[in-house]
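Asks: Dropping a structure here in structure tokens format, bear with me for questions.
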There are 4 protein chains.
Amino acid sequence: VAEVQSGTGRLAGGKSPSYVAAVNAPEARASRFTARYMLASDIAYVLTAGELGLTPRESARNLLTALLALTDELDGIDTTQPVGDIVSQREAWISARAGKQDAAWLHLGRNRGESLRCYLPRLFFRHTLHQEGRRLAHMLTSLVTRAAPVLDAVAPNYHHLQHSGFTTLGEYLLSWAVVFERHFDRLAQVDRQLDIGPSIFGSRREIKDLYDGVSRRLGFSTRSQLRRDGIWIHHQFTEPFFALSLIAVDLARLAQDFRTWMTPEFGFLDLADEHAGGSSALPHAKVPFALQSVIGGGIMASTRLAGEMAAACNPSEGSEPLYQSASLYGLSEDILAWTQYMADVVEKARFDLDELQRKAVLDFAGSSEAHDRLVYDFGVPFRVGHRVLGMLVRAHHLGEPMPDLKALLRAETGRDIEVDQAEIMDIVLGRQLWPTTFDQEVLRATLARSEQSARKATQTFAGPSPVERAVDALLQEARAWIAAPAPTGTHR
Amino acid sequence: VAEVQSGTGRLAGGKSPSYVAAVNAPEARASRFTARYMLASDIAYVLTAGELGLTPRESARNLLTALLALTDELDGIDTTQPVGDIVSQREAWISARAGKQDAAWLHLGRNRGESLRCYLPRLFFRHTLHQEGRRLAHMLTSLVTRAAPVLDAVAPNYHHLQHSGFTTLGEYLLSWAVVFERHFDRLAQVDRQLDIGPSIFGSRREIKDLYDGVSRRLGFSTRSQLRRDGIWIHHQFTEPFFALSLIAVDLARLAQDFRTWMTPEFGFLDLADEHAGGSSALPHAKVPFALQSVIGGGIMASTRLAGEMAAACNPSEGSEPLYQSASLYGLSEDILAWTQYMADVVEKARFDLDELQRKAVLDFAGSSEAHDRLVYDFGVPFRVGHRVLGMLVRAHHLGEPMPDLKALLRAETGRDIEVDQAEIMDIVLGRQLWPTTFDQEVLRATLARSEQSARKATQTFAGPSPVERAVDALLQEARAWIAAPAPTGTHR
Amino acid sequence: VAEVQSGTGRLAGGKSPSYVAAVNAPEARASRFTARYMLASDIAYVLTAGELGLTPRESARNLLTALLALTDELDGIDTTQPVGDIVSQREAWISARAGKQDAAWLHLGRNRGESLRCYLPRLFFRHTLHQEGRRLAHMLTSLVTRAAPVLDAVAPNYHHLQHSGFTTLGEYLLSWAVVFERHFDRLAQVDRQLDIGPSIFGSRREIKDLYDGVSRRLGFSTRSQLRRDGIWIHHQFTEPFFALSLIAVDLARLAQDFRTWMTPEFGFLDLADEHAGGSSALPHAKVPFALQSVIGGGIMASTRLAGEMAAACNPSEGSEPLYQSASLYGLSEDILAWTQYMADVVEKARFDLDELQRKAVLDFAGSSEAHDRLVYDFGVPFRVGHRVLGMLVRAHHLGEPMPDLKALLRAETGRDIEVDQAEIMDIVLGRQLWPTTFDQEVLRATLARSEQSARKATQTFAGPSPVERAVDALLQEARAWIAAPAPTGTHR
Amino acid sequence: VAEVQSGTGRLAGGKSPSYVAAVNAPEARASRFTARYMLASDIAYVLTAGELGLTPRESARNLLTALLALTDELDGIDTTQPVGDIVSQREAWISARAGKQDAAWLHLGRNRGESLRCYLPRLFFRHTLHQEGRRLAHMLTSLVTRAAPVLDAVAPNYHHLQHSGFTTLGEYLLSWAVVFERHFDRLAQVDRQLDIGPSIFGSRREIKDLYDGVSRRLGFSTRSQLRRDGIWIHHQFTEPFFALSLIAVDLARLAQDFRTWMTPEFGFLDLADEHAGGSSALPHAKVPFALQSVIGGGIMASTRLAGEMAAACNPSEGSEPLYQSASLYGLSEDILAWTQYMADVVEKARFDLDELQRKAVLDFAGSSEAHDRLVYDFGVPFRVGHRVLGMLVRAHHLGEPMPDLKALLRAETGRDIEVDQAEIMDIVLGRQLWPTTFDQEVLRATLARSEQSARKATQTFAGPSPVERAVDALLQEARAWIAAPAPTGTHR
């Protein structure tokens, strides 16, 4: 936000080193995420102001030429210099190229400071959410592709890391497909909230025209109307980052599952070598560093979101969280990386179906099935069934003499219930699965629906993001205008 | 989650005092928020199971009778006893009333632990979001009602708590209307995400019928299909709480503004006596305790959200955040209270229009207008205008001799620019407002649109919430069924 | 902070319901943690003011009589009524007992609002830290008691949940002893920081005497000197809560380990039945609810701390976090409970030494030993040893033909190295442990030192806390003074 | 943590791009904070291993030569390449310089992965805390220097941003001196906790000797004894960062005060131009960007701490927070910058003593003094005084007829109290200050004590940090050893 130049406006002299370190250095860290959009907005402003005759045509051409060149060379530019925010930096960059005289027109119309709080975060996040959509589509595709052939592969079902009946590997993977599908709606909702161009001060016709043109060129379909709106709000940061963080949380949960599954003790999953780390010291080690990174990342995203929200709890026209935006933008890109990594992991991991089946029956995992059988097939009251099965399990676990099931049921219900104790224990111990354990119909329907979602999402997020498309179109427009500027005034 | 009863299932004996303190006591704190919905879900299950003939008709009648009575008496019940979660508590409550024999049927079908993670949070939050909608509608109404008569009342515009041109009190208030209007969309989106009934294990027809009936009776229009979905997810907690927290952040920002405005030094706003605190020691004090509570509340909501999200970054079938749900539910209700309070404050505060106008002109607040005039009316390059005005302001501020504006402009641009220095300084010092300072047309259009939103929202959120309506309908159904149970089996 | 009474001071009328809900209700939740200390401070003030003749002797006696009675009956009092903070509540309670006339003297000297921010949190936390010390002593005792007999019991050593050489169960447990021992220093340091009595305004002799007496009677050995100090600071909340939260984090880490260890797949640990939960549906389940509660608790404590700190980032004489103190105090008591629980778990858990030993050798866990042997006993360069062992492990893991170790070493180093490949593979596969694998000397020395710490800590934290002792002495003093008040003025 | 090299140990092939982005890229960001300490630890290991004859003398010399050269050139090295953690990076850097053959000895003894979790954070934070100490000493010096001449300058005292009696500017500034002084103790305590060198595995004599030598050379006075201690703990990150964050919170509070004070409405403080920002658009603006950065920074530090702590609530031998260490180290350096900035601000700000005095009397700020006079000088019961003064204030505020004070007191107390109503109102309105309003004796004593603390701290933190001194001595030792290595074996 602060000025790079010394002695501008009311202030004399340069900034103290402590000032530079306290505010300019942190804000310069964000420029690598926003510089491209800042230049794009400059092009939109200069082009529109040139069209409208607000900026002299020759100055506008020179500025646009310099801006287009800078855009092309951006990858090679040190975005931390001169130390300051991107607004000041790019003014210095342009001045050095286009000369001070023409550069004096650069900031025209932007006398409202909306850059850092309005269109830069909106453009960054609209683009980033689109990128995330593509990665989610990949995740979804990986999940359904891996789930399809193992819909029937029996696996342990866990509650609280303890056995709780049976599932299949396919069902497990599909349950993640459902989780990730829900994020597409959120991305779309947030994108709509971000689709607002900047507001202006006052009622000058020429400024309205300028802002309407700029908004359109940056891909916004509406524009804020009140001077505070679009700037002195925070949702352009908090909402997209929440949407991303929520995905990061889901990735962390999946990574936690996989970390446990890949212990030798569980032995359900083997990461592809390209997805695992080695040890600098232990020759034998295959280590889930990246899974840990994903887990820690979900947590760091959660608390970073809290930082953004808590720092926003300040006077409405303050900018307290703004100086640390680099870590917000940076974590957003990390979340893209984590999504990609986890999608790759799902795609290439080796699942050990034998081990999954073998361990599915541990710890009396079939007792829930047995309970259902007692209740629904023999009319045993629910809590009675729970109690007598608990007694059987306990005796079996401790190696004590087994109680007589029928006697227990008679004592509890006063009825003779013709249940076969051996069969019940077979179910409890997972020696036989009941026909009703799984619902293949539901699984196949879910698979089909998720496959369709995956195809649709892949299509939706293929190709460049709308932001990229708008910027590309803008660059072309600018190049055309330099070549042959339209006669001024036709737009007023 | 844990059992109140000692020695059930596989476990022998009671719980240690340390266990009770570590897990049961925290979870019992949540029961005051969920007990009503637990009983409603019990009624839905027992009624549907009775209809389906899964539970003997007489047992179902007795249970329903007891459940309806408990629902009526709920306000008088100590929801912290017996210490444990609401699932265990209500089983103890019902057993004491309906007898152990019939109570053995109570938990039928719920062999999937979905209560605490699925429908209780969904019902609580769907209801709470509706309550919040009503309060937001009140806020919006207060804002537009207060804004209408002061659309033209000049006020300082602040950036970073420093003067930045002029606004009007009406425009300021309308800018908050726009902020709060956006939350209605979010509430609706989250409600749709919460509209999912519980999932089941396996493929038994009778359980599907049971769950379909229960889901419908609890007001859900869809139902999860996979065993993990609906339980081993977290968005039923994180999404609605984010939506509420985001509102809390906006309330905190408004409270920060008002806290500054009500200092004697600013003097723009006087809280109604009923909205201010006194001091236990200082006889003269009128203190913004509640504004501070709102500010701190926005921050606490932000970090509590982070706690929920970070604790969810654990194995997918864990419940780490669950035991502290009381503080999540409690803060949600606090956010309702803060919304109501701030809406009341807006409705009844006394704004000092004279003081707002008097202080609007402090600190050369008109220099932005003067700058526009130089740029757009005299063609002065943007950065040149910025520089020369800065020099004038600085000289005036320090009491130094004023530089000659025309000479400065000539030196910078090489042109003679026929600007009237006295007029420019009048604008800088706010001695005259320019006709383009405000855009009355936009203000009136925004007011009209926000008034319409306020009316619509007031209507939408009038009356009981859909959750309340579903529960009321369910209670009536249950009463009717007790009086005349439909013949069993007609529903299978 | 706010007034219960209507129409006091400059304000007319009562509070709006929204005000009460926004600020009074949240603050009343804290009273159950602070009421006892509020009454104790009242007694200290009234007694000292009576001694000094500032309060008429008869009024002081009546007030003290009422205060002592209230203290005795405190457990039976509803501390949420009348809704408001404890300062207002206890004034209402006393007025009802001692009459309005004498109660008018109650608040004398407290015209500085220090209650809620100065001595109440200091007394609460000094007491709570002492309670925590006792629980830590129990934890330490449990750890050394369990470690002693299993110092030599071989167990897997994990890095990132993967095998990384060997440890012993005793070493593992002792490593936790070391972790928990460090907290004693922190508790002592924080206690010293909290040992500051309240500051006063101005230079009146009688107020100084009053505050000196009160400070001493509440157990403080120093007193703040500046009017802002002791009130407009935050460390009385943030420091003790950080100390407690850091313990909560360590408990969560231990709980994570144990949760993994108690899966049937690991099978290293069995919780005592009294420390495990059952399932409301699954008859066989033994579930680590409380471990999850401890894990989630460490996370919630971390983010609650952030809330306290972030909310303190407001004007220095604000109270933004204060209204939510109930959750800070409440979580502090939860951390006591979690410490107790985890100490109990350590004390009573069943470790499966056979399973620990059996799984210690999984996944080539001995390769680190083998590596040391190559490097230190045969002079193989470190990275060469790492590489060749990696090749052996990989071949073995994939069932490929084993490379020749000597040939590999010759190729890498150009030397003949007389190593026995079979012996090396025995080490890699854990078929033999090397004599240098463990350092029994260090283990025994550590055990001895930790045992001594445990004994010392047990002694230090036995008996009532210094705060309790100060309060008890104060109650006795007050009773004596009521019986025979010292002649007034002797203290002035 | 992860390997840069492809195909080491058990793993084949390189890493996937998604792996690199998910884990290597984030961890490489930390290297700019730790590279110097990594090289120092390498020097300590290679030198000690050379002395002990564990590494061949020539290899050790070559490695040391390369390490010393790298240390000298470090400022020019891109610490993000090759992408990976500093352990892998520096192995690549050294291999490129010293050749693969000698580099094979580099990692000797470090087969315990302690770098990233043990001595790097300890060295970084011990150095950083010392740097912070120097900045705190500067802050303290600034505060006492500015306070001394204005000990008697009357200023408003605020509670909750409302007037609450009087203070002096000197007293206000001294109250911050007291706040910042307390941090010195904390820094020292944390430094003691960080003073632990790495632990080893097993009981080999040569490894013990190696680690003893390394620990000593890196400036540690003790060494961990158990294999998990020093690595699988978190306090080396959480404790120093808490100490720094707590300072950040205090800085944020001071910044909040100053931001309010520098509004034109308050007008108490003018930042030096070098400490203020301008606006890119508004010519007149003098904007507290850096104060906002400090405020936001305190909040971000608080939530980043929560991230570190919450991510530590994972299995004890995990590294979940580690991959995001760059933001922890980076924020730590930001806190240094913010401390320096705020100390500079205090040193150079212009306080407006006239405005402070003029506004001190606003809003009946003297009513607390008047209250004391009634209570202590006329024996009016505390609550009666409160009530009658409230009535006077309210009448005055509303412009209503003033009640008769004596009549009010007679009605309330039944006594005739000879108080002069005009004098009381003079006090209430601040027209006269009472002799007991300030305690000059206390102020002067506090000033003297704080001046002494400032002198002492300035001395303590002058010169290089102990870490820098240890590293410098180590570099010299290494240079000497290269020139003339001691005969091997003399140390064994």
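Numbering starts fresh at 1 for the residues of each chain in the structure tokens, the chains themselves are lettered A, B, ... in the order given, and ligands are numbered from 1 as they appear.
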May I have the residues within 8 Å of segment 341-350 of chain D as a list in words, using only C-alpha atoms and disregarding those fewer than 3 positions away in the same chain?

Replies: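 After dropping sequence-adjacent residues, the list is Ser18, Tyr19 and Ala22 of chain A; Arg135, Leu136, His138, Met139, Leu140, Ser142, Leu143, Thr145, Arg146, Leu251, Ala255, Leu269, Asp270, Leu271, Ala272, His275, Ala337 and Trp338 of chain D.
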
Asks: Compile the contact shell of Gly366 of chain B as a PyMOL selection string: residues with an atom at most 9 Å away, counting only C-alpha atoms, same-chain residues fewer than 5 positions apart removed.

Replies: (chain B and resi 164-166+361+371+425-433) or (chain D and resi 284)

Asks: Could those selected residues go to a file with C-alpha atoms, as an mmCIF file, in the first residue's frame?

Replies:
```cif
data_model
loop_
_atom_site.group_PDB
_atom_site.id
_atom_site.type_symbol
_atom_site.label_atom_id
_atom_site.label_comp_id
_atom_site.auth_asym_id
_atom_site.auth_seq_id
_atom_site.Cartn_x
_atom_site.Cartn_y
_atom_site.Cartn_z
ATOM 1 C CA SER B 164 -10.126 10.334 2.506
ATOM 2 C CA GLY B 165 -12.674 12.574 0.862
ATOM 3 C CA PHE B 166 -16.320 12.833 1.751
ATOM 4 C CA VAL B 361 -13.420 18.756 6.238
ATOM 5 C CA HIS B 371 -7.128 16.336 -7.798
ATOM 6 C CA MET B 425 -7.643 25.447 -2.033
ATOM 7 C CA ASP B 426 -11.314 25.961 -1.204
ATOM 8 C CA ILE B 427 -11.948 22.481 -2.505
ATOM 9 C CA VAL B 428 -8.935 21.045 -0.700
ATOM 10 C CA LEU B 429 -10.104 22.555 2.566
ATOM 11 C CA GLY B 430 -13.659 21.399 2.006
ATOM 12 C CA ARG B 431 -15.026 24.948 1.905
ATOM 13 C CA GLN B 432 -17.060 23.958 -1.111
ATOM 14 C CA LEU B 433 -18.277 20.595 -2.230
ATOM 15 C CA HIS D 284 -2.800 14.962 1.417
#
```

Asks: Please identify the strand (DSSP E) residues within segment 259-353 of chain B (assignment by DSSP from backbone atoms) and present them as number ranges by chain.

Replies: B: 269-270, 350-351

Asks: List every residue of segment 181-370 of chain D that DSSP, applied to the backbone of this structure, assigns to helix (DSSP H, G or I), and report them as an MDAnalysis selection string.

Replies: chainID D and resid 181:194 205:217 235:261 273:275 289:312 322:348 353:360 362:364 367:370

Asks: Please identify every residue of chain B that has at least one atom no farther than 6 Å from an atom of chain A, counting only C-alpha atoms, and for each give the shortest atom pair and the distance in Å to one decimal, arranged by chain then increasing number, as a tab-separated table.

Replies:
```
residue	atom	partner	partner_atom	distance
B:Gly9	CA	A:Gly390	CA	3.6
B:Arg10	CA	A:Gly390	CA	4.7
B:Ala104	CA	A:Arg383	CA	4.5
B:Trp105	CA	A:Phe382	CA	5.2
B:Leu108	CA	A:Phe382	CA	5.4
B:His159	CA	A:Glu317	CA	5.2
B:His160	CA	A:Gly318	CA	4.6
B:Gly202	CA	A:Phe438	CA	4.4
B:Ser203	CA	A:Asp439	CA	4.6
B:Arg204	CA	A:Thr436	CA	5.7
B:Val249	CA	A:Cys313	CA	5.6
B:Ala252	CA	A:Cys313	CA	5.3
B:Arg253	CA	A:Ser316	CA	5.0
B:Gln256	CA	A:Pro315	CA	4.9
B:Asp257	CA	A:Pro315	CA	5.3
B:Ile299	CA	A:Ala310	CA	4.6
B:Ser302	CA	A:Ala306	CA	4.9
B:Thr303	CA	A:Ala306	CA	5.3
B:Ala306	CA	A:Ser302	CA	4.9
B:Met309	CA	A:Ser302	CA	5.9
B:Ala310	CA	A:Ile299	CA	4.6
B:Cys313	CA	A:Arg253	CA	5.1
B:Asn314	CA	A:Arg253	CA	5.4
B:Pro315	CA	A:Gln256	CA	5.0
B:Ser316	CA	A:Arg253	CA	5.1
B:Glu317	CA	A:His159	CA	5.2
B:Gly318	CA	A:His160	CA	4.6
B:Pro381	CA	A:Trp105	CA	5.4
B:Phe382	CA	A:Trp105	CA	5.2
B:Arg383	CA	A:Ala104	CA	4.6
B:Arg387	CA	A:Gly9	CA	5.5
B:Gly390	CA	A:Gly9	CA	3.7
B:Arg394	CA	A:Arg10	CA	4.8
B:Thr436	CA	A:Ser203	CA	4.9
B:Thr437	CA	A:Gly202	CA	4.5
B:Phe438	CA	A:Gly202	CA	4.4
B:Asp439	CA	A:Ser203	CA	4.6
```
